[in-house]
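Shown below: work-v3.txt, with compact mmCIF, C-alpha atoms.
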```txt
# COMPACT_ATOMS: atom_id res chain seq x y z
CA SER A 1 0.00 0.00 0.00
CA GLY A 2 1.05 3.58 -0.45
CA LEU A 3 0.07 4.55 3.08
CA GLU A 4 2.87 5.64 5.38
CA PRO A 5 2.79 4.44 9.00
CA ILE A 6 1.69 7.01 11.54
CA VAL A 7 2.28 7.56 15.24
CA VAL A 8 0.09 9.32 17.78
CA VAL A 9 2.29 11.77 19.68
CA PRO A 10 1.80 13.21 23.17
CA PRO A 11 -0.08 14.74 24.79
CA SER A 12 -3.30 13.81 22.99
CA PRO A 13 -4.71 10.92 20.94
CA ALA A 14 -5.64 13.55 18.34
CA ASN A 15 -1.99 14.28 17.43
CA THR A 16 -1.16 12.01 14.50
CA ARG A 17 2.10 12.40 12.62
CA ASP A 18 4.18 10.44 10.12
CA LEU A 19 6.20 7.78 11.91
CA ALA A 20 9.23 8.63 9.76
CA ASP A 21 9.45 12.03 11.50
CA PHE A 22 10.27 10.24 14.77
CA THR A 23 12.88 7.74 13.60
CA GLY A 24 15.77 7.74 16.07
CA LEU A 25 13.80 9.16 18.99
CA GLU A 26 15.05 7.52 22.19
CA VAL A 27 12.42 5.40 23.93
CA HIS A 28 12.77 3.50 27.19
CA THR A 29 9.88 1.09 27.25
CA GLY A 30 7.39 -0.60 24.99
CA TYR A 31 3.91 -1.77 25.81
CA LEU A 32 2.24 -4.25 23.49
CA GLY A 33 -1.23 -5.14 24.59
CA SER A 34 -4.38 -3.83 26.22
CA CYS A 35 -8.01 -4.59 25.75
CA ALA A 36 -7.76 -3.22 22.22
CA SER A 37 -4.40 -4.39 20.97
CA GLY A 38 -3.12 -7.58 22.52
CA ARG A 39 -4.74 -9.65 19.79
CA LEU A 40 -3.21 -12.79 18.38
CA GLU A 41 -2.30 -11.00 15.14
CA ASP A 42 -0.48 -8.31 17.19
CA LEU A 43 1.53 -10.97 19.02
CA ARG A 44 2.29 -12.71 15.71
CA ILE A 45 3.70 -9.57 14.10
CA ALA A 46 5.80 -8.77 17.20
CA ALA A 47 7.18 -12.31 17.25
CA GLN A 48 7.93 -12.08 13.52
CA VAL A 49 9.87 -8.84 14.00
CA LEU A 50 11.77 -10.16 17.06
CA ARG A 51 12.45 -13.75 15.95
CA GLY A 52 16.18 -14.38 16.28
CA ARG A 53 16.81 -10.92 17.75
CA ARG A 54 17.30 -9.48 21.23
CA ILE A 55 15.72 -6.36 22.65
CA GLN A 56 18.28 -3.61 23.06
CA PRO A 57 19.77 -3.37 26.57
CA GLY A 58 18.04 -0.68 28.60
CA PHE A 59 14.73 -1.08 26.74
CA GLN A 60 11.88 -2.90 28.46
CA LEU A 61 9.17 -4.57 26.42
CA HIS A 62 5.98 -5.51 28.25
CA VAL A 63 3.57 -7.79 26.40
CA VAL A 64 0.04 -8.21 27.70
CA PRO A 65 -2.30 -10.44 25.68
CA THR A 66 -5.92 -9.28 25.61
CA SER A 67 -7.31 -12.47 27.13
CA ARG A 68 -6.31 -15.81 28.61
CA ALA A 69 -7.58 -17.52 25.45
CA ILE A 70 -5.29 -15.36 23.29
CA MET A 71 -2.39 -16.00 25.65
CA ALA A 72 -2.97 -19.76 25.40
CA ALA A 73 -3.21 -19.62 21.59
CA ALA A 74 0.01 -17.56 21.44
CA ALA A 75 1.73 -20.15 23.63
CA ARG A 76 0.56 -23.00 21.39
CA GLU A 77 1.95 -21.18 18.33
CA GLY A 78 5.31 -20.59 20.01
CA LEU A 79 4.85 -16.81 20.00
CA ILE A 80 5.30 -16.45 23.76
CA GLU A 81 8.58 -18.38 23.59
CA THR A 82 9.86 -16.18 20.75
CA LEU A 83 8.99 -12.99 22.64
CA VAL A 84 10.57 -14.22 25.89
CA GLU A 85 13.74 -15.30 24.07
CA ALA A 86 13.98 -11.78 22.63
CA GLY A 87 13.86 -10.36 26.15
CA ALA A 88 10.20 -9.37 26.52
CA PHE A 89 8.30 -9.61 29.78
CA ILE A 90 4.97 -11.38 29.32
CA SER A 91 2.11 -10.63 31.70
CA SER A 92 -1.27 -12.22 32.10
CA PRO A 93 -4.18 -10.12 30.78
CA SER A 94 -4.53 -6.99 32.91
CA CYS A 95 -5.39 -3.30 32.78
CA ASP A 96 -2.56 -2.52 35.21
CA TYR A 97 -0.05 -1.36 32.58
CA CYS A 98 -2.34 1.07 30.81
CA PHE A 99 -3.05 3.12 33.89
CA GLY A 100 0.40 2.88 35.42
CA ARG A 101 -0.13 0.43 38.25
CA ILE A 102 2.66 -1.88 37.01
CA ALA A 103 5.90 -0.78 35.31
CA THR A 104 5.11 2.84 36.14
CA MET A 105 6.87 5.36 33.92
CA SER A 106 9.12 7.95 35.55
CA ALA A 107 9.57 11.60 34.62
CA GLY A 108 11.47 11.96 31.36
CA GLN A 109 10.77 8.44 30.10
CA ARG A 110 9.24 7.73 26.70
CA ALA A 111 7.17 4.72 25.71
CA VAL A 112 5.88 3.28 22.49
CA SER A 113 2.53 1.66 23.08
CA THR A 114 -0.37 -0.04 21.38
CA GLY A 115 -2.64 1.24 24.15
CA THR A 116 -5.59 3.49 23.54
CA LEU A 117 -4.55 6.72 25.29
CA ASN A 118 -1.41 8.82 25.60
CA THR A 119 -2.58 11.56 27.95
CA PRO A 120 -0.13 12.87 30.58
CA GLY A 121 0.07 10.59 33.60
CA ARG A 122 -1.64 7.69 31.87
CA MET A 123 1.16 5.21 32.60
CA GLY A 124 2.83 6.96 35.53
CA SER A 125 4.46 10.37 35.72
CA VAL A 126 2.74 13.32 34.07
CA ASP A 127 6.24 14.19 32.81
CA SER A 128 6.59 11.00 30.75
CA GLU A 129 5.54 10.61 27.12
CA ILE A 130 3.55 7.88 25.36
CA TYR A 131 3.68 7.43 21.59
CA ILE A 132 0.90 5.20 20.24
CA CYS A 133 1.77 3.01 17.27
CA ASN A 134 1.15 -0.43 15.84
CA ALA A 135 2.50 -3.73 17.18
CA ALA A 136 5.28 -4.01 14.58
CA VAL A 137 6.62 -0.58 15.55
CA VAL A 138 6.55 -1.34 19.28
```
Structure re-expressed in structure tokens:
Amino acid sequence: SGLEPIVVVPPSPANTRDLADFTGLEVHTGYLGSCASGRLEDLRIAAQVLRGRRIQPGFQLHVVPTSRAIMAAAAREGLIETLVEAGAFISSPSCDYCFGRIATMSAGQRAVSTGTLNTPGRMGSVDSEIYICNAAVV
């Protein structure tokens, strides 16, 4: 397709920009999952991108399947194993990451996320930034 990938930049879900404009931006954590984006196809694309690779030191990738059924299917397909071998942390389905109860972001940190909101304070400090993008980008 001729469509260029986009990213939703802080501080509002209304701020869409071309992903290419943010290449090289330092990010500290990734969040792949939520009620809207921890689908089996999201886990498949992440595993495809990470297969045979390791997550860069200093970057944390949190993967949260949408449901227990999706988590089980991902395990049967070997996706969970691929993600863990790449260095991802896999959690059971939970809303805790989206609202900053687990893996809380500190001031100055940036995240790439497949979550649904990027408002200040959503995943921890109001002085952190969340960039919403697709699973392959995370």
Worksheet item: So, counting all atoms listed in the file, which residue among A:Cys133, A:Ala88, A:Val9, A:Leu32 is closest to Gln56 of chain A?
Response: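 Using all atoms listed in the file, Gln56 of chain A sits closest to A:Ala88.
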Discussion item. Here is a test: counting only C-alpha atoms, which residue of A:Cys95, A:Leu83, A:Ala74, A:Ala69 is nearest to Cys35 of chain A?
Written reply: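 Ranking A:Cys95, A:Leu83, A:Ala74, A:Ala69 by distance to Cys35 of chain A, first place goes to A:Cys95.
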Enclose all atoms of segment 84-98 of chain A listed in the file in an axis-aligned box, grow every side by 4 Å, and hand back centre and edge lengths in Å to one decimal, as lines of an AutoDock Vina configuration file.
```
center_x = 4.3
center_y = -7.1
center_z = 28.9
size_x = 27.4
size_y = 24.4
size_z = 20.6
```
Worksheet entry | 12 Å contact set for Val63 of chain A, all atoms listed in the file, chain neighbours under 5 positions out, as a PyMOL selection string | chain A and resi 29-34+37-40+42-44+46-47+71+74+79-80+82-84+86-98+103+112-115+135+138
Practice prompt. Could you check how far atom CA of Glu129 of chain A sits from atom CA of Ala111 of chain A, in Å to one decimal?
Written response: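 Spanning atom CA of Glu129 of chain A to atom CA of Ala111 of chain A is a straight-line distance of 6.3 Å.
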Worksheet item: Between atom CA of Phe22 of chain A and atom CA of Gly2 of chain A, what is the spacing in Å?
Response: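 Atom CA of Phe22 of chain A lies 19.0 Å from atom CA of Gly2 of chain A.
Among the candidates A:Glu85, A:Glu41, A:Ile102, A:Gln109, the residue lying nearest to Ile70 of chain A is A:Glu41 (atoms considered: only C-alpha atoms).
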Worksheet item: Could you name the residues that touch Gly108 of chain A at 12 Å or less, counting only C-alpha atoms, but leaving out those on the same chain fewer than 5 positions away, as a list in words?
Response: Glu26, Val27, His28, Thr29, Pro120, Gly121, Gly124, Ser125, Val126, Asp127, Ser128, Glu129 and Ile130 of chain A
Item to complete: Could you tell me how far atom CA of Ile45 of chain A lies from atom CA of Ser106 of chain A, in Å and to one decimal?
Response: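 Atom CA of Ser106 of chain A lies at a distance of 28.2 Å from atom CA of Ile45 of chain A.
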Item to complete: Find the residues near Pro13 of chain A: any atom within 7 Å, counting only C-alpha atoms, skip ones fewer than 3 places away on the same chain, and give them as a list in words.
Response: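 Final neighbour list, sorted by chain and number: Val8, Leu117 and Asn118 of chain A.
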Item to complete: Determine the nearest neighbour of Ala14 of chain A from the options A:Asn134, A:Thr116, A:Thr104, A:Gln60, counting all atoms listed in the file.
Response: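 Ranked by minimum distance to Ala14 of chain A, first place goes to A:Thr116.
Minimum atom-to-atom distances from A:Leu50, A:Ala36, A:Val137, A:Leu19 to Pro65 of chain A were compared using only C-alpha atoms, and the lowest value belongs to A:Ala36.
Minimum atom-to-atom distance to Gly100 of chain A, evaluated using all atoms listed in the file, belongs to A:Met123 out of A:Gly78, A:Ser67, A:Met123, A:Arg51.
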